[in-house]
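Enquirer: Sharing protein10.txt below, compact mmCIF, C-alpha atoms:
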# COMPACT_ATOMS: atom_id res chain seq x y z
CA MET A 1 0.00 0.00 0.00
CA GLU A 2 1.32 3.42 -0.93
CA ILE A 3 0.38 6.50 1.06
CA ILE A 4 0.13 9.69 -0.96
CA ALA A 5 1.56 12.63 0.96
CA ARG A 6 0.01 16.07 0.81
CA PRO A 7 2.19 18.34 -1.36
CA PRO A 8 4.27 20.92 0.55
CA PHE A 9 2.63 24.34 0.91
CA GLN A 10 -0.77 23.00 -0.21
CA LEU A 11 -2.54 23.89 3.02
CA ARG A 12 -0.71 27.12 3.71
CA SER A 13 -2.45 28.87 0.87
CA LEU A 14 -5.78 28.34 2.63
CA PRO A 15 -7.21 30.13 5.66
CA VAL A 16 -6.81 28.11 8.86
CA ALA A 17 -10.53 27.26 9.10
CA MET A 18 -10.44 25.83 5.59
CA ARG A 19 -7.21 23.93 6.37
CA ARG A 20 -9.07 22.26 9.22
CA GLU A 21 -12.03 21.48 6.98
CA VAL A 22 -9.90 20.02 4.18
CA THR A 23 -7.89 17.93 6.64
CA ARG A 24 -10.80 16.55 8.65
CA ARG A 25 -12.49 15.40 5.45
CA ASN A 26 -9.36 13.73 4.08
CA PRO A 27 -9.96 9.95 3.80
CA TYR A 28 -6.68 9.21 5.62
CA TYR A 29 -7.76 11.41 8.51
CA PHE A 30 -11.16 9.78 8.66
CA VAL A 31 -9.65 6.27 8.79
CA TRP A 32 -6.61 6.88 11.01
CA TRP A 33 -7.47 9.67 13.47
CA THR A 34 -8.87 7.39 16.20
CA LEU A 35 -5.87 5.07 16.08
CA ALA A 36 -3.46 8.02 16.23
CA ARG A 37 -5.38 9.58 19.13
CA ASP A 38 -5.30 6.28 21.04
CA GLU A 39 -1.54 6.03 20.44
CA HIS A 40 -0.99 9.58 21.70
CA ARG A 41 -3.09 8.84 24.77
CA ARG A 42 -1.22 5.55 25.33
CA LYS A 43 -4.49 3.63 25.59
CA LEU A 44 -4.31 -0.08 26.31
CA ILE A 45 -3.41 -2.11 23.21
CA THR A 46 -5.81 -4.99 22.72
CA SER A 47 -3.76 -7.00 20.20
CA PRO A 48 -0.37 -6.91 18.44
CA GLU A 49 -2.14 -5.96 15.20
CA ALA A 50 -3.90 -3.04 16.89
CA GLY A 51 -0.56 -1.83 18.23
CA LEU A 52 0.99 -1.90 14.76
CA LEU A 53 -1.96 -0.05 13.25
CA ARG A 54 -1.77 2.62 15.95
CA GLN A 55 1.95 3.10 15.36
CA ALA A 56 1.33 3.39 11.61
CA ALA A 57 -1.41 5.99 12.10
CA ILE A 58 0.91 8.74 13.34
CA PRO A 59 3.26 8.88 10.31
CA ILE A 60 0.32 8.41 7.94
CA LEU A 61 -1.41 11.47 9.38
CA ALA A 62 1.91 13.35 9.38
CA MET A 63 1.98 12.85 5.60
CA ILE A 64 -1.16 14.97 5.34
CA GLY A 65 0.16 17.61 7.73
CA VAL A 66 -1.31 16.42 11.04
CA SER A 67 0.97 16.41 14.07
CA GLY A 68 0.12 15.84 17.69
CA GLU A 69 -3.09 14.32 19.00
CA PRO A 70 -5.72 14.61 16.25
CA PRO A 71 -9.09 16.02 17.27
CA ASP A 72 -12.36 14.31 16.43
CA PRO A 73 -13.30 15.18 12.84
CA ALA A 74 -16.78 16.10 14.13
CA SER A 75 -15.27 18.94 16.21
CA THR A 76 -16.04 22.33 14.76
CA PHE A 77 -13.31 24.85 14.13
CA ALA A 78 -14.70 27.05 16.91
CA GLU A 79 -14.61 24.12 19.37
CA LEU A 80 -10.89 23.79 18.68
CA GLY A 81 -10.22 27.29 19.99
CA ALA A 82 -10.22 29.26 16.76
CA GLU A 83 -10.89 32.51 18.63
CA ASP A 84 -7.68 32.02 20.61
CA LEU A 85 -5.45 31.85 17.55
CA ALA A 86 -3.47 34.90 16.57
CA ARG A 87 -5.05 36.89 13.74
CA GLY A 88 -1.92 36.43 11.57
CA TRP A 89 -2.23 32.66 11.81
CA LEU A 90 -5.88 32.77 10.83
CA SER A 91 -5.03 34.72 7.69
CA GLY A 92 -2.74 31.93 6.55
CA ALA A 93 0.15 34.38 6.24
CA VAL A 94 1.99 33.06 9.29
CA HIS A 95 1.56 29.83 11.17
CA PRO A 96 3.30 28.16 14.09
CA VAL A 97 5.39 25.03 13.72
CA SER A 98 5.49 22.59 16.62
CA MET A 99 8.68 20.96 17.79
CA ARG A 100 7.24 17.70 16.47
CA GLY A 101 6.84 19.38 13.10
CA LEU A 102 10.44 20.58 13.15
CA ALA A 103 11.63 17.08 14.07
CA ALA A 104 9.57 15.60 11.22
CA ILE A 105 11.16 18.02 8.77
CA LEU A 106 14.62 16.96 9.95
CA LEU A 107 13.70 13.27 9.69
CA GLY A 108 12.38 13.72 6.18
CA ALA A 109 15.14 15.96 4.85
CA LEU A 110 18.41 14.72 6.33
CA PRO A 111 20.42 11.74 5.01
CA LYS A 112 20.53 8.63 7.20
CA GLU A 113 24.22 9.10 8.06
CA THR A 114 23.50 12.59 9.39
CA LEU A 115 20.48 11.34 11.34
CA ALA A 116 22.68 8.64 12.91
CA ARG A 117 25.18 11.29 14.04
CA LEU A 118 22.38 13.48 15.37
CA ARG A 119 21.05 10.48 17.30
CA SER A 120 24.27 10.42 19.32
CA ILE A 121 24.20 14.19 19.82
CA PHE A 122 20.59 14.15 20.98
CA GLY A 123 21.40 11.20 23.24
CA MET A 124 24.20 13.22 24.79
CA ALA A 125 21.85 16.15 25.37
CA ALA A 126 19.39 13.82 27.11
CA ASP A 127 22.03 12.41 29.50
CA GLU A 128 22.09 13.54 33.11
CA ASP A 129 24.41 16.43 33.92
CA ALA A 130 27.37 15.70 36.19
CA ASP A 131 28.42 18.06 38.97
CA ASN A 132 31.20 20.49 38.09
CA GLU A 133 31.04 19.60 34.38
CA THR A 134 29.66 21.33 31.33
CA PRO A 135 25.91 20.66 31.01
CA ARG A 136 25.24 17.85 28.52
CA LYS A 137 22.92 19.99 26.39
CA LEU A 138 25.65 22.60 26.01
CA GLU A 139 28.18 19.91 25.01
CA ALA A 140 25.71 18.58 22.47
CA MET A 141 25.13 22.07 21.02
CA GLN A 142 28.89 22.59 20.77
CA GLN A 143 29.27 19.31 18.88
CA LEU A 144 26.44 20.25 16.57
CA THR A 145 28.20 23.47 15.59
CA THR A 146 31.45 21.67 14.75
CA ILE A 147 30.38 18.53 12.89
CA ASP A 148 30.47 18.42 9.10
CA MET A 149 27.66 16.16 7.90
CA PRO A 150 25.60 16.15 4.68
CA GLY A 151 22.42 18.18 4.83
CA LEU A 152 23.07 20.08 8.05
CA ASP A 153 23.83 23.36 6.31
CA ASP A 154 21.20 22.97 3.60
CA PHE A 155 17.97 24.92 3.80
CA PRO A 156 14.76 22.92 4.23
CA ASN A 157 12.05 22.92 1.61
CA GLU A 158 10.01 25.04 4.00
CA PRO A 159 10.02 28.82 4.48
CA PHE A 160 11.56 28.93 7.96
CA VAL A 161 13.11 32.20 9.03
CA SER A 162 14.44 33.65 12.25
CA ILE A 163 12.89 37.00 13.13
CA ASN A 164 14.71 39.54 15.25
CA PRO A 165 12.07 40.74 17.74
CA ALA A 166 14.07 43.96 18.27
CA ALA A 167 13.69 44.91 14.59
CA SER A 168 10.93 47.28 13.55
CA GLU A 169 7.75 45.89 12.07
CA ARG A 170 8.54 47.77 8.85
CA LYS A 171 12.02 46.20 8.57
CA ILE A 172 10.63 42.73 9.27
CA GLY A 173 7.93 43.25 6.62
CA GLU A 174 10.52 44.42 4.08
CA ALA A 175 12.78 41.45 4.78
CA ILE A 176 9.93 38.93 4.57
CA GLY A 177 8.71 40.59 1.38
CA ALA A 178 12.16 40.24 -0.16
CA LEU A 179 12.20 36.53 0.65
Show me this structure written as structure tokens.

Expert:
Amino acid sequence: MEIIARPPFQLRSLPVAMRREVTRRNPYYFVWWTLARDEHRRKLITSPEAGLLRQAAIPILAMIGVSGEPPDPASTFAELGAEDLARGWLSGAVHPVSMRGLAAILLGALPKETLARLRSIFGMAADEDADNETPRKLEAMQQLTTIDMPGLDDFPNEPFVSINPAASERKIGEAIGAL
């Protein structure tokens, strides 16, 4: 079975309410959302097959742009807290990216050899700190800045930018417009 991924940028051209509507009506979402939700909630697995299906549900939904615990497709946009979203996100001009989303981009874009090296760096960052030694996260960040691995200095196929919050709104707008 082949899963057809949603093309990059497809949803971003739509207002957020429409993104929700298009996603909740996607056949993959309709079939897999309950399994993915159960996996996120760590519900009791009733059989080995059910466990495998639940594990498969998360990357399948990720292929259509869903990350995190998926809400019931019957939930309205307003029930999901639409009023709480920033106006810029609702326009479709700017949207947040979760850490899970960033990790998924890395997993999809980086070569396996680079991912293997990052595995050791992330493992180091997760280790307990020792007294009177450099914190493990800092050591890991230092290693990350010095390693030379394929893909690390490439730009992702996503429009990620770093915005200087001290810059004026006009300067930010000009810079984004130029991009």

Enquirer: My list of candidates is A:Ile4, A:Met18, A:Leu179, A:Met141. Which is closest to Phe160 (chain A) when distances are computed with all atoms listed in the file?

Expert: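 Nearest candidate to Phe160 (chain A) out of A:Ile4, A:Met18, A:Leu179, A:Met141: A:Leu179.
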
Enquirer: From the list A:Leu14, A:Ala140, A:Ile45, A:Ile64, which residue is nearest Tyr28 (chain A) when using only C-alpha atoms?

Expert: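 Using only C-alpha atoms, Tyr28 (chain A) sits closest to A:Ile64.
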
Enquirer: If we count only C-alpha atoms, what is near region 41-43 of chain A at a cut-off of 10 Å, once residues fewer than 4 positions away on the same chain are taken out, given as a VMD selection string?

Expert: chain A and resid 35 to 37 51 54 69

Enquirer: For Ser75 (chain A), work out the shell of residues within 10 Å, counting only C-alpha atoms and skipping chain neighbours fewer than 5 positions away, then give it as a list in words.

Expert: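 With the cut-off at 10 Å, the set is Arg20, Arg24 and Leu80 of chain A.
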
Enquirer: Restricting it to C-alpha atoms, dump the selection as a PDB file, in the frame of the given file.

Expert:
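Final file, selection26.pdb:
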ATOM      1  CA  ARG A  20      -9.070  22.260   9.220  1.00  0.00           C
ATOM      2  CA  ARG A  24     -10.800  16.550   8.650  1.00  0.00           C
ATOM      3  CA  LEU A  80     -10.890  23.790  18.680  1.00  0.00           C
TER       4      LEU A  80
END

Enquirer: Using all atoms listed in the file, which of A:Glu169, A:Leu53, A:Gly108, A:Phe30 sits nearest Pro71 (chain A)?

Expert: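 That would be A:Phe30, the residue with the smallest distance to Pro71 (chain A).
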
Enquirer: Quick check, in Å to one decimal: how far apart do CA of Gln10 (chain A) and CA of Thr23 (chain A) lie?

Expert: 11.1 Å

Enquirer: CA of Val97 (chain A) and CA of Leu52 (chain A) are how many Å apart?

Expert: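 Atom-to-atom, CA of Val97 (chain A) to CA of Leu52 (chain A), that is 27.3 Å.
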
Enquirer: Go through A:Pro7, A:Pro15, A:Pro165, A:Gly151 and flag the residue nearest Phe77 (chain A), using all atoms listed in the file for the distances.

Expert: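 Of A:Pro7, A:Pro15, A:Pro165, A:Gly151, the one nearest Phe77 (chain A), counting all atoms listed in the file, is A:Pro15.
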
Enquirer: Counting only C-alpha atoms, which of A:Ala126, A:Met149, A:Leu106, A:Ile3 gets nearest to Ala57 (chain A)?

Expert: A:Ile3

Enquirer: Hey, what's within 10 Å of Ile176 (chain A) if we count all atoms listed in the file and toss same-chain stuff fewer than 5 positions away? As a PyMOL selection string, please?

Expert: chain A and resi 161+163+170-171

Enquirer: Quick one: residues within 9 Å of Lys137 (chain A), only C-alpha atoms, excluding same-chain residues fewer than 2 positions away - as a PyMOL selection string?

Expert: chain A and resi 121-122+124-127+129+134-135+139-142

Enquirer: Quick one: distance from CA of Arg19 (chain A) to CA of Ala103 (chain A) in Å, one decimal?

Expert: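 Going from CA of Arg19 (chain A) over to CA of Ala103 (chain A) covers 21.5 Å.
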
Enquirer: Once 6 Å is added on each side, what are the centre and the three edge lengths, in Å to one decimal, of the axis-aligned box enclosing the listed atoms of region 4-22 of chain A? Present them as AutoDock Vina command-line options.

Expert:
--center_x -3.9 --center_y 19.9 --center_z 3.9 --size_x 28.3 --size_y 32.4 --size_z 22.6

Enquirer: All heavy atoms are what I want for region 101-112 of chain A; can you complete it accordingly and write them as a JSON list (two decimals), in the coordinates of the input?

Expert:
[["chain", "number", "residue", "atom", "x", "y", "z"],
["A", 101, "GLY", "N", 6.76, 19.05, 14.51],
["A", 101, "GLY", "CA", 6.84, 19.38, 13.10],
["A", 101, "GLY", "C", 8.27, 19.63, 12.64],
["A", 101, "GLY", "O", 8.68, 19.20, 11.57],
["A", 102, "LEU", "N", 9.03, 20.34, 13.48],
["A", 102, "LEU", "CA", 10.44, 20.58, 13.15],
["A", 102, "LEU", "C", 11.21, 19.27, 13.09],
["A", 102, "LEU", "O", 12.02, 19.05, 12.19],
["A", 102, "LEU", "CB", 11.07, 21.51, 14.19],
["A", 102, "LEU", "CG", 10.58, 22.95, 14.18],
["A", 102, "LEU", "CD1", 11.19, 23.71, 15.35],
["A", 102, "LEU", "CD2", 10.91, 23.63, 12.87],
["A", 103, "ALA", "N", 10.95, 18.38, 14.06],
["A", 103, "ALA", "CA", 11.63, 17.08, 14.07],
["A", 103, "ALA", "C", 11.26, 16.28, 12.82],
["A", 103, "ALA", "O", 12.12, 15.64, 12.21],
["A", 103, "ALA", "CB", 11.28, 16.31, 15.34],
["A", 104, "ALA", "N", 10.00, 16.34, 12.42],
["A", 104, "ALA", "CA", 9.57, 15.60, 11.22],
["A", 104, "ALA", "C", 10.26, 16.14, 9.98],
["A", 104, "ALA", "O", 10.63, 15.36, 9.09],
["A", 104, "ALA", "CB", 8.04, 15.70, 11.07],
["A", 105, "ILE", "N", 10.45, 17.44, 9.92],
["A", 105, "ILE", "CA", 11.16, 18.02, 8.77],
["A", 105, "ILE", "C", 12.59, 17.52, 8.73],
["A", 105, "ILE", "O", 13.11, 17.13, 7.68],
["A", 105, "ILE", "CB", 11.09, 19.55, 8.81],
["A", 105, "ILE", "CG1", 9.65, 19.99, 8.51],
["A", 105, "ILE", "CG2", 12.06, 20.19, 7.84],
["A", 105, "ILE", "CD1", 9.35, 21.41, 8.87],
["A", 106, "LEU", "N", 13.25, 17.48, 9.89],
["A", 106, "LEU", "CA", 14.62, 16.96, 9.95],
["A", 106, "LEU", "C", 14.65, 15.49, 9.52],
["A", 106, "LEU", "O", 15.52, 15.09, 8.73],
["A", 106, "LEU", "CB", 15.19, 17.09, 11.36],
["A", 106, "LEU", "CG", 15.50, 18.50, 11.83],
["A", 106, "LEU", "CD1", 15.94, 18.48, 13.30],
["A", 106, "LEU", "CD2", 16.56, 19.14, 10.96],
["A", 107, "LEU", "N", 13.72, 14.70, 10.04],
["A", 107, "LEU", "CA", 13.70, 13.27, 9.69],
["A", 107, "LEU", "C", 13.49, 13.06, 8.20],
["A", 107, "LEU", "O", 14.09, 12.16, 7.60],
["A", 107, "LEU", "CB", 12.60, 12.55, 10.48],
["A", 107, "LEU", "CG", 12.85, 12.40, 11.96],
["A", 107, "LEU", "CD1", 11.60, 11.83, 12.65],
["A", 107, "LEU", "CD2", 14.04, 11.51, 12.24],
["A", 108, "GLY", "N", 12.66, 13.87, 7.60],
["A", 108, "GLY", "CA", 12.38, 13.72, 6.18],
["A", 108, "GLY", "C", 13.46, 14.26, 5.26],
["A", 108, "GLY", "O", 13.64, 13.77, 4.15],
["A", 109, "ALA", "N", 14.20, 15.27, 5.73],
["A", 109, "ALA", "CA", 15.14, 15.96, 4.85],
["A", 109, "ALA", "C", 16.58, 15.49, 4.96],
["A", 109, "ALA", "O", 17.33, 15.55, 3.99],
["A", 109, "ALA", "CB", 15.08, 17.47, 5.12],
["A", 110, "LEU", "N", 17.00, 15.03, 6.14],
["A", 110, "LEU", "CA", 18.41, 14.72, 6.33],
["A", 110, "LEU", "C", 18.76, 13.29, 5.90],
["A", 110, "LEU", "O", 17.96, 12.37, 6.07],
["A", 110, "LEU", "CB", 18.80, 14.90, 7.80],
["A", 110, "LEU", "CG", 18.80, 16.34, 8.30],
["A", 110, "LEU", "CD1", 19.03, 16.39, 9.80],
["A", 110, "LEU", "CD2", 19.84, 17.17, 7.57],
["A", 111, "PRO", "N", 19.97, 13.10, 5.36],
["A", 111, "PRO", "CA", 20.42, 11.74, 5.01],
["A", 111, "PRO", "C", 20.56, 10.88, 6.26],
["A", 111, "PRO", "O", 20.78, 11.39, 7.36],
["A", 111, "PRO", "CB", 21.79, 11.97, 4.36],
["A", 111, "PRO", "CG", 21.92, 13.43, 4.13],
["A", 111, "PRO", "CD", 20.96, 14.13, 5.02],
["A", 112, "LYS", "N", 20.46, 9.57, 6.08],
["A", 112, "LYS", "CA", 20.53, 8.63, 7.20],
["A", 112, "LYS", "C", 21.83, 8.77, 8.01],
["A", 112, "LYS", "O", 21.81, 8.69, 9.23],
["A", 112, "LYS", "CB", 20.35, 7.20, 6.72],
["A", 112, "LYS", "CG", 18.93, 6.89, 6.36],
["A", 112, "LYS", "CD", 18.74, 5.41, 6.08],
["A", 112, "LYS", "CE", 17.33, 5.11, 5.68],
["A", 112, "LYS", "NZ", 16.47, 4.81, 6.79]]
